[in-house]
Structures are given as structure tokens and as C-alpha cells.
Amino acid sequence: MNQLTLNAPFSVRGKGLHSGLELEATFTPSGDNTGIKFKRIDLEGEPVIPALAENVVDTTRGTVLGLGDARVSTVEHALAALYAAGIDNCLIEINGPEMPILDGSAREFVDGIEKVGLKELSAEKDYYIIKQKTTFRDEATGATLTVYPDDGFSVEVMVEYNSPVLPNQFAVLDDLADFRQEVSGARTFVFVREIEQLLKSGLIKGGDLDNAIVIYDSPIEQERIDEICDMVGVPHQHLSEMGYINPSPLKWDNEPARHKLMDVIGDIALIGRPLKGRVVAIRPGHTVNNKFARMIRKEVKHNQVQAPVYNPNLEPLIDINGIKKMLPHRYPFLLIDKIIEIDRRHCVAVKNVTVNEPFFQGHFPQEPVMPGVLQVEAMAQAAGVLVLNFLDDPDKYSTYFMKIDNVKFRQKVVPGNTLLLSVSLMTEIRRGCAVVKGYAFVGEKVVCEAEFMAQIIKNK
């Protein structure tokens with residue numbers, strides 16, 4: 001899959017939940033590998049803040065991004081909508097310190113995205129694949145986020161409150177395609193017992209019964225309730241029974257849990273790359289979500305290039321006989337055994353290294369090491385399959401090295417290793433020349449990398 005952006009701009013307007021200001025946010029298309037960014041157009045110099053976990057400066061009742069003196073708060077709902085739509089690159093221009101709260105959900109963001117549609121870009125989508133269970137636990141709160149390997153992206157959320165009205169709840173999203181129907185409409189929520197303190201802290205100035213679920217779960221004297229209503233600027237409420245005091249009913253019995261699930265997706269988006277993994281969140285909140293995202297973000301930075309996923313139980317896409325129909329190489333110089341991934345732009349080949357390789361007789365008898373030049377040759381053969389596979393008569397063509405650049409050898413390759421050779425086109429094939437980036441992996445480690453140019457020539 002290639003990266004996605006918006007097909008055209010769209011705008012949303014409304015007040016900020018915490019600031020109470022009237023705000024407008026415009027979502028605009030952006031180019032390859034630019035990521036999601038927020039632009040404060042009301043500030044001098046129009047500073048831009050990348051939506052990345054390390055730029056989160058506050059997590060009190062929402063996720064706040066900051067860079068220098070610029071801030072944008074309550075970004076999680078918009079980020080969740082973009083993430084669920086598969087959008088990799090977008091610039092959000094905002095004329096104030098906060099995203100509009102709208103109805104307290106992500107529905108209007110989703111509607112805007114669907115209205116303008118998506119545009120496919122030329123760069124490939126850069127998934128970060130979870131290959132082993134990873135857990136973050138906040139000892140202070142008992143909150144835990146765990147991500148497991150999975151073929152796609154999914155989320156489970158369990159919330160727990162000491163409340164007779166809001167019991168323990170569970171929500172799950174197995175497929176992002178269901179985000180609009182199952183999650184996007186879930187509204188934010190607040191307990192009446194929290195409102196006074198939040199207002200004294202300078203928060204929820206724009207909160208009302210139209211943009212938040214309000215939960216009355218602890219007896220409060222009517223006089224104090226009236227004071228809270230005056231502070232919020234809503235008519236006095238006579239609360240005689242515990243429950244939800246909004247005039248509109250809950251959309252789902254577990255709407256709070258679904259909203260927490262949406263928050264998790266929005267905060268996960270700050271990793272900066274789409275995940276393939278299943279996230280299980282117990283008692284999540286913006287603080288622990290961000291700590292988890294920062295932890296994964298460090299892994300992403302450390303593993304900019306991931307090894308391909310290799311399951312030896314699966315049938316190859318091209319076996320050795322298919323390879324021999326495309327490449328002229330034969331013993332002892334055919335250095336790939338099978339192809340496990342291939343499309344128009346990239347290919348992954350497997351080379352099983354055994355002690356019976358003829359080059360080990362002299363390199364070296366007492367310490368067998370696969371020559372680095374042969375690792376590069378193996379990558380070139382994988383690239384040959386990549387460029388020849390889609391020709392009508394691949395056996396009538398051959399590929400030849402023209403240039404090799406930026407070769408690096410990081411560790412030895414020895415008998416018993418399985419080499420995964422991942423090659424990708426760096427540019428479109430022009431005039432019969434292909435420019436390729438190649439990596440060789442043993443396990444999860446890069447053992448060799450190189451860039452090379454090859455020419456495709458018809459055999460005489």
C-alpha cells in the first residue's frame with residue numbers, strides 16, 4: 001500500500017472544550033513522508049508542530065502538543081479519525097490553542113474526511129510491525145497497555161471507575177474499517193463531582209451538555225449543584241437520581257469505553273507510523289497512553305528498517321524453479337532460494353546459508369564467513385527477480401551491475417544463518433535502468449545494506 005493524504009481540504013468550526021474560544025481547523029493535503037502536523041496560523045511565524053509523542057507537553061484531560069511557545073490541545077479525536085482513515089500525511093491549520101470539541105466525538109472529522117476523499121501518494125506506507133509482546137505499566141495508577149503481534153491493527157479497552165453509575169466497561173475494535181460505525185460517535189464524558197475542580201484549574205470552559213456526557217454518581221447538595229451550573233453557564237439542574245443527566249440518551253451502553261478506545265487510537269497515532277499489532281489497554285488515560293507511545297516511538301527510531309516477517313510454513317510466492325526461469329545464474333552462483341514477498345516496487349528473497357557452500361572452502365577454512373560481496377550479489381539477484389518478474393518474457397533478459405554505493409557490512413554471516421534479502425526500487429525504472437536499495441537481515445538484525453544501479457538488457 002502507498003501512503004495516503006486528503007484529496008482536498010475541509011474545515012470544522014466550533015468552540016474549544018477547555019478554552020471556550022470559537023475555533024476553526026482546516027485539514028489540508030500534504031506530500032510524501034510529511035506526517036501529520038498542526039500549524040498555528042494565529043501566531044507570528046505560523047509555527048508548525050509535528051504530531052509525535054515526544055512533542056506532547058501535557059495530558060491533563062486531553063493530549064496537548066507543543067513546540068517552543070506554540071501549543072495545540074485536544075488533538076486526540078482528530079488524530080484518531082485520520083489514523084482510522086489510513087491517512088499518513090496531513091497539515092491541520094488551526095486559528096487558536098485548541099481543536100474544536102464539536103459534539104465531543106470524532107464523527108464530524110470522519111464526515112469531513114469521507115466528504116473530500118483520499119488521495120494515494122507515490123511513497124509506500126511505512127508500517128511498524130509488532131513482532132513480540134510489549135507492555136507498559138504505570139505503577140501509580142495500575143494502568144497497563146500491551147501490544148501483541150497481529151496481521152492488522154486492532155484495539156481492546158477495559159475501563160474501571162469507582163462509580164455506581166459507570167461500572168467496569170469493555171470495548172473492542174477489530175477492524176479500523178468499523179471505526180466510523182462503532183467508535184467515531186462516542187462522546188467524551190465527565191463526572192459532576194469533577195466539574196468544579198476542573199473549572200478552578202482553568203479547564204472545560206467550553207463544556208456543556210451538547211459536547212460531553214455528564215455523569216451524576218455521588219450525592220451533592222442542590223445549592224452546590226446550582227453553583228456548578230452557574231459556573232458552566234447552563235440552566236439549574238435538579239438531580240434527584242444518579243445517572244446520566246444529558247437530555248440525549250447514550251448511543252451505546254458502553255459509550256464511555258468506546259470513547260476511551262478512540263482516545264487510545266488518537267494517542268497511538270503519535271507514534272508517527274501505522275502499527276500492525278493488537279493493543280490491549282486496561283484503565284487507559286492520556287498520560288499512560290503517551291508514555292506507551294513514547295516507548296514504542298523509541299523502538300521505531302531504533303529500528304528504522306525492520307526485518308521482513310518470515311514464516312517458513314507458508315508456501316513461497318516464487319520457488320527455486322520459478323527463480324531459475326527468470327535468472328540465468330546456476331550453481332555455484334545462484335544465491336537465492338525462494339521469494340516470499342513481491343510487488344511492483346519491492347521484493348523479499350530467502351537464502352539459506354549452509355556449510356556446503358563452495359566459497360566456505362577458502363573463506364575461511366577454520367572460520368567460515370560468507371563474503372560480503374556475495375551478500376550484495378544475493379541482493380542483486382533478488383532485485384533481478386523484482387524487475388524481471390513483470391516482463392512478458394523474463395528469460396530473454398538479464399540484469400547487470402552498473403554501480404554500487406553506500407555498502408555497509410554490520411556483522412558476519414555464517415553457516416546456519418537464514419538471510420532475508422529485502423530490495424526496493426528507489427526510483428521508477430527509466431531507460432532500462434533500475435536504482436535499488438537493498439538490506440540483508442539475519443533475524444531482526446541488518447547484516448548488510450547497499451544501493452546499486454542495474455541495467456536490464458535483452459539477451460542476444
# chains A, B, ... in the order shown; residues from 1 in each chain; ligands from 1
>>> select_by_dssp(residues="segment 29-124 of chain A", states="alpha helix (DSSP H)", output="MDAnalysis selection string")
chainID A and resid 76:84 107:116
>>> residues_around(residues="Leu327 of chain A", least_positions_apart="5", cutoff="8 Å", atoms="only C-alpha atoms", output="number ranges by chain")
A: 381, 384-385, 395, 398
>>> write_last_selection(atoms="C-alpha atoms", output="PDB file, in the first residue's frame")
ATOM      1  CA  GLN A 381      19.681 -11.365  -7.700  1.00  0.00           C
ATOM      2  CA  GLY A 384      16.733  -9.099 -10.725  1.00  0.00           C
ATOM      3  CA  VAL A 385      13.636 -11.099  -9.875  1.00  0.00           C
ATOM      4  CA  ASP A 395      14.022 -15.395 -19.502  1.00  0.00           C
ATOM      5  CA  SER A 398      19.383 -10.211 -17.832  1.00  0.00           C
TER       6      SER A 398
END
>>> residues_around(residues="Val48 of chain A", least_positions_apart="2", cutoff="7 Å", atoms="only C-alpha atoms", output="list in words")
Lys37, Phe38, Lys39, Arg40, Glu46 and Pro50 of chain A
>>> atom_distance(atom1="atom CA of Phe390 of chain A", atom2="atom CA of Gln455 of chain A")
15.5 Å
>>> residues_around(residues="segment 27-35 of chain A", least_positions_apart="5", cutoff="12 Å", atoms="only C-alpha atoms", output="PyMOL selection string")
chain A and resi 2-13+48-52+78-79+81-83+86-94+99+109-110+112-113+116-126+269-274
>>> decode(residues="segment 270-404 of chain A", atoms="C-alpha atoms", output="short mmCIF file (atom, residue, chain, number, x, y, z; two decimals), in the first residue's frame")
data_model
loop_
_atom_site.label_atom_id
_atom_site.label_comp_id
_atom_site.auth_asym_id
_atom_site.auth_seq_id
_atom_site.Cartn_x
_atom_site.Cartn_y
_atom_site.Cartn_z
CA LEU A 270 1.58 9.95 17.77
CA ILE A 271 3.99 7.08 17.16
CA GLY A 272 4.25 8.52 13.66
CA ARG A 273 3.84 5.25 11.75
CA PRO A 274 0.83 2.95 11.36
CA LEU A 275 1.09 -0.16 13.52
CA LYS A 276 0.42 -3.77 12.76
CA GLY A 277 -0.43 -5.11 16.18
CA ARG A 278 -3.23 -5.59 18.72
CA VAL A 279 -3.32 -3.06 21.55
CA VAL A 280 -4.92 -4.11 24.84
CA ALA A 281 -5.44 -1.18 27.22
CA ILE A 282 -6.53 -1.60 30.84
CA ARG A 283 -7.60 1.64 32.57
CA PRO A 284 -6.07 3.83 29.86
CA GLY A 285 -5.72 7.60 30.05
CA HIS A 286 -3.83 10.21 28.08
CA THR A 287 -0.85 10.14 30.44
CA VAL A 288 -0.23 6.40 30.25
CA ASN A 289 -1.16 6.37 26.56
CA ASN A 290 1.57 8.90 25.86
CA LYS A 291 4.15 7.05 27.92
CA PHE A 292 3.34 3.91 25.95
CA ALA A 293 3.53 5.79 22.63
CA ARG A 294 6.90 7.26 23.60
CA MET A 295 8.19 3.77 24.42
CA ILE A 296 7.09 2.40 21.03
CA ARG A 297 8.40 5.55 19.35
CA LYS A 298 11.87 4.83 20.76
CA GLU A 299 11.69 1.33 19.29
CA VAL A 300 10.63 2.80 15.94
CA LYS A 301 13.61 5.17 15.94
CA HIS A 302 15.96 2.34 16.90
CA ASN A 303 14.55 0.06 14.19
CA GLN A 304 14.10 2.43 11.27
CA VAL A 305 14.44 -0.57 8.96
CA GLN A 306 12.55 -3.66 10.09
CA ALA A 307 13.29 -7.19 9.01
CA PRO A 308 10.54 -8.72 6.84
CA VAL A 309 8.14 -11.12 8.52
CA TYR A 310 9.21 -14.65 7.58
CA ASN A 311 7.01 -17.67 8.17
CA PRO A 312 8.77 -20.78 6.83
CA ASN A 313 5.49 -22.70 6.97
CA LEU A 314 4.00 -20.63 4.13
CA GLU A 315 4.45 -21.58 0.51
CA PRO A 316 6.80 -19.23 -1.37
CA LEU A 317 5.39 -16.87 -3.97
CA ILE A 318 8.17 -17.96 -6.33
CA ASP A 319 10.10 -21.17 -5.67
CA ILE A 320 13.57 -22.09 -6.91
CA ASN A 321 12.21 -23.39 -10.21
CA GLY A 322 10.43 -20.11 -10.83
CA ILE A 323 13.60 -18.19 -9.99
CA LYS A 324 15.61 -20.29 -12.48
CA LYS A 325 13.12 -19.36 -15.20
CA MET A 326 13.96 -15.68 -14.68
CA LEU A 327 17.64 -15.63 -13.72
CA PRO A 328 20.47 -17.12 -15.78
CA HIS A 329 22.54 -17.90 -12.64
CA ARG A 330 23.27 -21.52 -11.79
CA TYR A 331 25.44 -23.45 -9.34
CA PRO A 332 27.58 -22.28 -7.69
CA PHE A 333 26.36 -18.72 -8.19
CA LEU A 334 22.59 -18.88 -7.70
CA LEU A 335 22.36 -17.23 -4.27
CA ILE A 336 18.63 -17.05 -3.54
CA ASP A 337 16.33 -19.96 -2.74
CA LYS A 338 12.79 -18.52 -2.83
CA ILE A 339 10.72 -15.34 -2.97
CA ILE A 340 8.30 -14.68 -0.08
CA GLU A 341 7.14 -11.13 -0.98
CA ILE A 342 6.96 -9.31 -4.29
CA ASP A 343 5.10 -6.42 -5.86
CA ARG A 344 5.90 -3.68 -8.36
CA ARG A 345 8.29 -1.89 -6.02
CA HIS A 346 9.81 -4.38 -3.60
CA CYS A 347 10.84 -8.00 -3.21
CA VAL A 348 11.95 -10.24 -0.34
CA ALA A 349 14.07 -13.31 -1.05
CA VAL A 350 15.40 -16.04 1.26
CA LYS A 351 18.90 -17.51 1.20
CA ASN A 352 19.63 -20.46 3.48
CA VAL A 353 23.34 -20.43 4.23
CA THR A 354 24.85 -23.91 4.73
CA VAL A 355 28.37 -25.12 5.36
CA ASN A 356 28.26 -26.86 1.96
CA GLU A 357 28.55 -23.53 0.11
CA PRO A 358 31.66 -23.87 -2.10
CA PHE A 359 33.06 -20.48 -1.06
CA PHE A 360 33.47 -21.66 2.53
CA GLN A 361 36.35 -23.91 1.41
CA GLY A 362 38.56 -20.86 1.13
CA HIS A 363 36.68 -18.17 3.12
CA PHE A 364 37.79 -19.32 5.63
CA PRO A 365 38.58 -22.99 6.34
CA GLN A 366 38.82 -22.52 10.11
CA GLU A 367 36.21 -19.77 10.39
CA PRO A 368 33.60 -19.96 7.61
CA VAL A 369 32.22 -16.49 6.78
CA MET A 370 30.05 -15.60 3.79
CA PRO A 371 31.88 -13.00 1.69
CA GLY A 372 30.27 -9.57 1.79
CA VAL A 373 30.41 -9.26 -1.99
CA LEU A 374 28.25 -12.37 -2.26
CA GLN A 375 25.70 -10.86 0.11
CA VAL A 376 25.49 -7.87 -2.24
CA GLU A 377 25.26 -10.28 -5.18
CA ALA A 378 22.37 -12.11 -3.46
CA MET A 379 20.55 -8.77 -3.03
CA ALA A 380 21.19 -8.03 -6.71
CA GLN A 381 19.68 -11.36 -7.70
CA ALA A 382 16.59 -10.56 -5.63
CA ALA A 383 16.44 -7.21 -7.45
CA GLY A 384 16.73 -9.10 -10.73
CA VAL A 385 13.64 -11.10 -9.88
CA LEU A 386 11.88 -7.86 -8.88
CA VAL A 387 12.47 -6.12 -12.20
CA LEU A 388 12.10 -9.19 -14.44
CA ASN A 389 9.04 -10.72 -12.79
CA PHE A 390 6.59 -8.41 -14.53
CA LEU A 391 8.11 -8.69 -18.02
CA ASP A 392 6.31 -10.87 -20.55
CA ASP A 393 9.40 -12.98 -21.32
CA PRO A 394 11.74 -12.58 -18.35
CA ASP A 395 14.02 -15.40 -19.50
CA LYS A 396 15.01 -13.27 -22.51
CA TYR A 397 16.51 -10.54 -20.30
CA SER A 398 19.38 -10.21 -17.83
CA THR A 399 20.37 -7.56 -15.28
CA TYR A 400 23.91 -6.23 -14.88
CA PHE A 401 25.54 -4.08 -12.20
CA MET A 402 26.34 -0.53 -13.27
CA LYS A 403 27.12 1.00 -9.87
CA ILE A 404 27.22 0.07 -6.18
#
